[in-house]
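Trainee: The structure file final-v6.pdb (PDB, C-alpha atoms) is provided below.
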ATOM      1  CA  GLN A 690     108.111 -14.117 213.267  1.00  0.00           C
ATOM      2  CA  VAL A 691     108.895 -10.464 212.726  1.00  0.00           C
ATOM      3  CA  GLN A 692     111.949  -8.763 214.149  1.00  0.00           C
ATOM      4  CA  LEU A 693     111.700  -5.056 214.933  1.00  0.00           C
ATOM      5  CA  VAL A 694     114.634  -2.781 215.693  1.00  0.00           C
ATOM      6  CA  GLU A 695     114.105   0.827 216.767  1.00  0.00           C
ATOM      7  CA  SER A 696     116.680   3.578 216.398  1.00  0.00           C
ATOM      8  CA  GLY A 697     116.915   7.348 216.448  1.00  0.00           C
ATOM      9  CA  GLY A 698     116.333   8.096 220.090  1.00  0.00           C
ATOM     10  CA  GLY A 699     118.336  10.701 221.948  1.00  0.00           C
ATOM     11  CA  SER A 700     118.243  13.785 224.112  1.00  0.00           C
ATOM     12  CA  VAL A 701     116.761  17.058 222.928  1.00  0.00           C
ATOM     13  CA  GLN A 702     115.519  20.269 224.434  1.00  0.00           C
ATOM     14  CA  ALA A 703     111.848  21.117 224.555  1.00  0.00           C
ATOM     15  CA  GLY A 704     110.640  22.321 221.185  1.00  0.00           C
ATOM     16  CA  GLY A 705     113.118  20.150 219.335  1.00  0.00           C
ATOM     17  CA  SER A 706     112.564  17.266 216.961  1.00  0.00           C
ATOM     18  CA  LEU A 707     113.569  13.641 216.609  1.00  0.00           C
ATOM     19  CA  ARG A 708     112.815  10.978 214.049  1.00  0.00           C
ATOM     20  CA  LEU A 709     112.598   7.408 215.218  1.00  0.00           C
ATOM     21  CA  ALA A 710     112.906   4.473 212.872  1.00  0.00           C
ATOM     22  CA  CYS A 711     111.642   0.921 213.220  1.00  0.00           C
ATOM     23  CA  ALA A 712     113.253  -1.556 210.845  1.00  0.00           C
ATOM     24  CA  ALA A 713     111.265  -4.735 210.282  1.00  0.00           C
ATOM     25  CA  SER A 714     112.624  -8.040 209.057  1.00  0.00           C
ATOM     26  CA  GLY A 715     111.499 -11.642 208.904  1.00  0.00           C
ATOM     27  CA  ASP A 716     107.966 -12.720 208.056  1.00  0.00           C
ATOM     28  CA  THR A 717     106.591  -9.246 207.435  1.00  0.00           C
ATOM     29  CA  TYR A 718     104.163 -10.336 204.694  1.00  0.00           C
ATOM     30  CA  SER A 719     101.395 -10.921 207.254  1.00  0.00           C
ATOM     31  CA  THR A 720     101.912  -7.675 209.146  1.00  0.00           C
ATOM     32  CA  THR A 721      98.838  -5.483 208.795  1.00  0.00           C
ATOM     33  CA  CYS A 722      99.192  -2.972 211.604  1.00  0.00           C
ATOM     34  CA  MET A 723     102.219  -1.163 212.943  1.00  0.00           C
ATOM     35  CA  ALA A 724     102.183   0.978 216.042  1.00  0.00           C
ATOM     36  CA  TRP A 725     104.304   3.139 218.277  1.00  0.00           C
ATOM     37  CA  PHE A 726     104.052   2.972 222.056  1.00  0.00           C
ATOM     38  CA  ARG A 727     105.994   4.698 224.782  1.00  0.00           C
ATOM     39  CA  GLN A 728     106.616   4.187 228.456  1.00  0.00           C
ATOM     40  CA  ALA A 729     107.841   6.770 230.912  1.00  0.00           C
ATOM     41  CA  PRO A 730     109.588   5.713 234.130  1.00  0.00           C
ATOM     42  CA  GLY A 731     107.055   4.606 236.699  1.00  0.00           C
ATOM     43  CA  LYS A 732     104.159   4.840 234.273  1.00  0.00           C
ATOM     44  CA  GLU A 733     102.193   2.386 232.211  1.00  0.00           C
ATOM     45  CA  ARG A 734     102.878   1.861 228.559  1.00  0.00           C
ATOM     46  CA  GLU A 735     101.011   4.382 226.430  1.00  0.00           C
ATOM     47  CA  TRP A 736      99.845   4.074 222.855  1.00  0.00           C
ATOM     48  CA  VAL A 737     101.212   6.824 220.595  1.00  0.00           C
ATOM     49  CA  GLY A 738      99.920   6.070 217.104  1.00  0.00           C
ATOM     50  CA  THR A 739      99.278   3.465 214.429  1.00  0.00           C
ATOM     51  CA  PHE A 740      99.868   2.930 210.727  1.00  0.00           C
ATOM     52  CA  ASP A 741      97.329   0.583 209.181  1.00  0.00           C
ATOM     53  CA  SER A 742      97.715  -1.565 206.077  1.00  0.00           C
ATOM     54  CA  ASP A 743      95.401   0.763 204.137  1.00  0.00           C
ATOM     55  CA  GLY A 744      97.662   3.701 204.931  1.00  0.00           C
ATOM     56  CA  SER A 745      95.413   5.217 207.566  1.00  0.00           C
ATOM     57  CA  ILE A 746      97.185   6.809 210.511  1.00  0.00           C
ATOM     58  CA  THR A 747      95.833   7.594 213.961  1.00  0.00           C
ATOM     59  CA  PHE A 748      97.395   9.321 216.952  1.00  0.00           C
ATOM     60  CA  ALA A 749      96.807   9.717 220.620  1.00  0.00           C
ATOM     61  CA  ASP A 750      95.426  13.121 221.523  1.00  0.00           C
ATOM     62  CA  SER A 751      98.584  13.890 223.488  1.00  0.00           C
ATOM     63  CA  VAL A 752     100.719  13.876 220.325  1.00  0.00           C
ATOM     64  CA  LYS A 753      98.228  14.821 217.632  1.00  0.00           C
ATOM     65  CA  GLY A 754      99.485  17.703 215.512  1.00  0.00           C
ATOM     66  CA  ARG A 755     103.077  17.214 216.688  1.00  0.00           C
ATOM     67  CA  PHE A 756     103.930  13.660 215.628  1.00  0.00           C
ATOM     68  CA  ASN A 757     103.647  11.941 212.283  1.00  0.00           C
ATOM     69  CA  ILE A 758     104.078   8.366 211.104  1.00  0.00           C
ATOM     70  CA  SER A 759     105.332   7.297 207.720  1.00  0.00           C
ATOM     71  CA  GLN A 760     106.505   4.101 206.112  1.00  0.00           C
ATOM     72  CA  ASP A 761     109.188   3.270 203.579  1.00  0.00           C
ATOM     73  CA  ASN A 762     108.093  -0.022 202.043  1.00  0.00           C
ATOM     74  CA  ALA A 763     111.330  -0.447 200.131  1.00  0.00           C
ATOM     75  CA  LYS A 764     113.253  -0.385 203.395  1.00  0.00           C
ATOM     76  CA  ASN A 765     110.600  -2.137 205.494  1.00  0.00           C
ATOM     77  CA  THR A 766     110.931   0.736 207.912  1.00  0.00           C
ATOM     78  CA  LEU A 767     108.349   2.672 209.907  1.00  0.00           C
ATOM     79  CA  TYR A 768     109.173   6.189 211.046  1.00  0.00           C
ATOM     80  CA  LEU A 769     107.908   8.375 213.863  1.00  0.00           C
ATOM     81  CA  GLN A 770     108.599  12.055 213.264  1.00  0.00           C
ATOM     82  CA  MET A 771     108.335  13.956 216.531  1.00  0.00           C
ATOM     83  CA  ASP A 772     108.216  17.740 216.471  1.00  0.00           C
ATOM     84  CA  SER A 773     107.609  20.352 219.149  1.00  0.00           C
ATOM     85  CA  LEU A 774     108.752  17.876 221.747  1.00  0.00           C
ATOM     86  CA  LYS A 775     107.767  18.379 225.369  1.00  0.00           C
ATOM     87  CA  PRO A 776     109.345  17.043 228.567  1.00  0.00           C
ATOM     88  CA  GLU A 777     106.303  14.810 229.007  1.00  0.00           C
ATOM     89  CA  ASP A 778     107.261  13.034 225.770  1.00  0.00           C
ATOM     90  CA  THR A 779     110.234  11.546 227.597  1.00  0.00           C
ATOM     91  CA  GLY A 780     110.257   7.764 227.703  1.00  0.00           C
ATOM     92  CA  THR A 781     111.243   4.596 225.955  1.00  0.00           C
ATOM     93  CA  TYR A 782     109.598   4.306 222.576  1.00  0.00           C
ATOM     94  CA  TYR A 783     108.664   0.930 221.162  1.00  0.00           C
ATOM     95  CA  CYS A 784     107.328  -0.143 217.807  1.00  0.00           C
ATOM     96  CA  ALA A 785     104.992  -3.087 217.570  1.00  0.00           C
ATOM     97  CA  ALA A 786     103.437  -5.147 214.812  1.00  0.00           C
ATOM     98  CA  ALA A 787     100.182  -7.057 214.575  1.00  0.00           C
ATOM     99  CA  ASP A 788      99.494  -9.764 212.019  1.00  0.00           C
ATOM    100  CA  GLU A 789      96.306 -10.231 210.011  1.00  0.00           C
ATOM    101  CA  VAL A 790      94.270  -7.717 211.975  1.00  0.00           C
ATOM    102  CA  ARG A 791      93.435  -4.074 211.402  1.00  0.00           C
ATOM    103  CA  CYS A 792      94.661  -1.442 213.796  1.00  0.00           C
ATOM    104  CA  THR A 793      91.094  -0.811 214.942  1.00  0.00           C
ATOM    105  CA  ALA A 794      90.984  -4.379 216.261  1.00  0.00           C
ATOM    106  CA  ALA A 795      94.423  -4.142 217.851  1.00  0.00           C
ATOM    107  CA  ALA A 796      93.374  -0.956 219.633  1.00  0.00           C
ATOM    108  CA  LEU A 797      90.726  -2.972 221.491  1.00  0.00           C
ATOM    109  CA  ALA A 798      92.995  -5.953 222.077  1.00  0.00           C
ATOM    110  CA  PRO A 799      96.624  -4.872 222.537  1.00  0.00           C
ATOM    111  CA  TYR A 800      97.676  -8.487 222.995  1.00  0.00           C
ATOM    112  CA  LEU A 801      97.321  -8.730 219.201  1.00  0.00           C
ATOM    113  CA  TYR A 802     100.614  -6.872 218.933  1.00  0.00           C
ATOM    114  CA  THR A 803     102.729  -9.995 218.961  1.00  0.00           C
ATOM    115  CA  ASN A 804     105.996  -8.484 217.797  1.00  0.00           C
ATOM    116  CA  TRP A 805     107.872  -5.780 219.683  1.00  0.00           C
ATOM    117  CA  GLY A 806     111.155  -3.998 219.329  1.00  0.00           C
ATOM    118  CA  GLN A 807     113.637  -3.474 222.133  1.00  0.00           C
ATOM    119  CA  GLY A 808     112.864   0.232 222.465  1.00  0.00           C
ATOM    120  CA  THR A 809     114.792   3.458 222.033  1.00  0.00           C
ATOM    121  CA  GLN A 810     115.133   6.145 224.685  1.00  0.00           C
ATOM    122  CA  VAL A 811     113.875   9.683 224.150  1.00  0.00           C
ATOM    123  CA  THR A 812     114.685  12.365 226.692  1.00  0.00           C
ATOM    124  CA  VAL A 813     113.284  15.878 226.391  1.00  0.00           C
ATOM    125  CA  SER A 814     114.672  18.493 228.740  1.00  0.00           C
ATOM    126  CA  SER A 815     112.955  21.739 229.641  1.00  0.00           C
TER     127      SER A 815
END
When written as structure tokens, how does the structure in this file appear?
Mentor:
Amino acid sequence: QVQLVESGGGSVQAGGSLRLACAASGDTYSTTCMAWFRQAPGKEREWVGTFDSDGSITFADSVKGRFNISQDNAKNTLYLQMDSLKPEDTGTYYCAAADEVRCTAAALAPYLYTNWGQGTQVTVSS
């Protein structure tokens, strides 16, 4: 079992930046895909981006060019750098981990993300 703890959320004005962190602990040796999701009030959960075990990174079109994902292996921490934030980026951001599958597989079968953090709130005001 992998435990994930997000941090770094907050309130910013449009155009601002935030960096979210997702600290992983537990049985992380089998984790092969890490992802960020978000959910706005009254809306369905939305995929934001993934970091695969081979280092490849993909993003949703809505955040491409503004967000970036990086990983610090020494700290077992995944980061989501968010720049040029927009009000529509508001929501609760979650990190998730999938074991023994590539992110391309998890994209087709989200149930493969078996480990989730508790979420961190991001609010962007206009």
Trainee: Provide the atom CA of Ser759 of chain A to atom CA of Ser814 of chain A distance in Å, to one decimal place.
Mentor: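 Interatomic distance here is 25.6 Å.
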Trainee: Within 12 Å of (97.1, 6.6, 206.1) (file coordinates; only C-alpha atoms), which protein or nucleic acid residues are there? I'd like them as a PyMOL selection string.
Mentor: chain A and resi 722-723+738-748+757-760+792
Trainee: So how far away is atom CA of Glu735 of chain A from atom CA of Asp750 of chain A, in Å?
Mentor: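 Computed distance, atom CA of Asp750 of chain A to atom CA of Glu735 of chain A, equals 11.5 Å.
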Trainee: Please identify all polymer residues within 8 Å of Gln702 of chain A, counting all atoms listed in the file, omitting same-chain residues fewer than 3 positions from it, and present them as a compact mmCIF listing (two decimals) with C-alpha atoms, keeping the file's coordinate frame.
Mentor:
# COMPACT_ATOMS: atom_id res chain seq x y z
CA GLY A 705 113.12 20.15 219.34
CA LEU A 774 108.75 17.88 221.75
CA VAL A 813 113.28 15.88 226.39
CA SER A 814 114.67 18.49 228.74
CA SER A 815 112.96 21.74 229.64
Trainee: If you measure from atom CA of Asp772 of chain A to atom CA of Leu693 of chain A, what distance in Å do you get, rounded to one decimal?
Mentor: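 Between atom CA of Asp772 of chain A and atom CA of Leu693 of chain A the gap works out to 23.1 Å.
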Trainee: Could you spell out the hits of the PyMOL selection byres ((chain A and resi 701) around 12) on the shown file, as a list in words?
Mentor: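 So the PyMOL selection byres ((chain A and resi 701) around 12), applied here, picks out Gly697, Gly698, Gly699, Ser700, Gln702, Ala703, Gly704, Gly705, Ser706, Leu707, Arg708, Met771, Asp772, Ser773, Leu774, Lys775, Pro776, Asp778, Thr779, Gln810, Val811, Thr812, Val813, Ser814 and Ser815 of chain A.
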Trainee: Nearest to Tyr802 of chain A: which of A:Thr721, A:Glu733, A:Leu769, A:Ser714 is it, counting only C-alpha atoms?
Mentor: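 Among the listed residues, the smallest separation from Tyr802 of chain A belongs to A:Thr721.
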Trainee: Using the chain letters and numbers from the file, give me the residues hit by the PyMOL selection byres ((chain A and resi 807) around 7), as a list in words.
Mentor: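 Going through the file, the PyMOL selection byres ((chain A and resi 807) around 7) ends up selecting Val694, Glu695, Tyr783, Trp805, Gly806 and Gly808 of chain A.
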Trainee: Using only C-alpha atoms, please write the residues we just selected to a file, as a PDB file, in the coordinates of the input.
Mentor:
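This went into selection16.pdb:
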ATOM      1  CA  VAL A 694     114.634  -2.781 215.693  1.00  0.00           C
ATOM      2  CA  GLU A 695     114.105   0.827 216.767  1.00  0.00           C
ATOM      3  CA  TYR A 783     108.664   0.930 221.162  1.00  0.00           C
ATOM      4  CA  TRP A 805     107.872  -5.780 219.683  1.00  0.00           C
ATOM      5  CA  GLY A 806     111.155  -3.998 219.329  1.00  0.00           C
ATOM      6  CA  GLY A 808     112.864   0.232 222.465  1.00  0.00           C
TER       7      GLY A 808
END
Trainee: Which neighbours of Tyr800 of chain A fall inside 12 Å, counting only C-alpha atoms, when residues of the same chain fewer than 2 positions from it are skipped, and could you give them as a list in words?
Mentor: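 What passes the distance filter is Ala785, Ala786, Ala787, Asp788, Val790, Cys792, Ala794, Ala795, Ala796, Leu797, Ala798, Tyr802, Thr803, Asn804 and Trp805 of chain A.
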Trainee: Could you tell me which of A:Gly780, A:Lys764, A:Ala713, A:Glu789 comes closest to Phe726 of chain A if we count all atoms listed in the file?
Mentor: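 Looking at the shortest contact to Phe726 of chain A, the residue is A:Gly780.
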Trainee: Pick out the closest residue to Glu777 of chain A from this set: A:Pro730, A:Ser719, A:Cys711, A:Val691. Count all atoms listed in the file.
Mentor: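 Closest candidate: A:Pro730.
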Trainee: Of the candidates A:Leu801, A:Leu709, A:Cys784, A:Ala763, which shows the shortest atom-to-atom distance to Arg734 of chain A, using all atoms listed in the file?
Mentor: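 For Arg734 of chain A, the nearest of the given residues is A:Cys784.
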Trainee: Ranking A:Arg791, A:Thr781, A:Asp716, A:Asn765 by minimum distance to Val737 of chain A and counting only C-alpha atoms, which one comes first?
Mentor: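 The closest residue to Val737 of chain A is A:Thr781.
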Trainee: Select, from A:Ala712, A:Trp736, A:Gln770, A:Thr717, the residue with the minimum atom-to-atom distance to Arg755 of chain A, counting all atoms listed in the file.
Mentor: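 With all atoms listed in the file as the atom set, the closest residue is A:Gln770.
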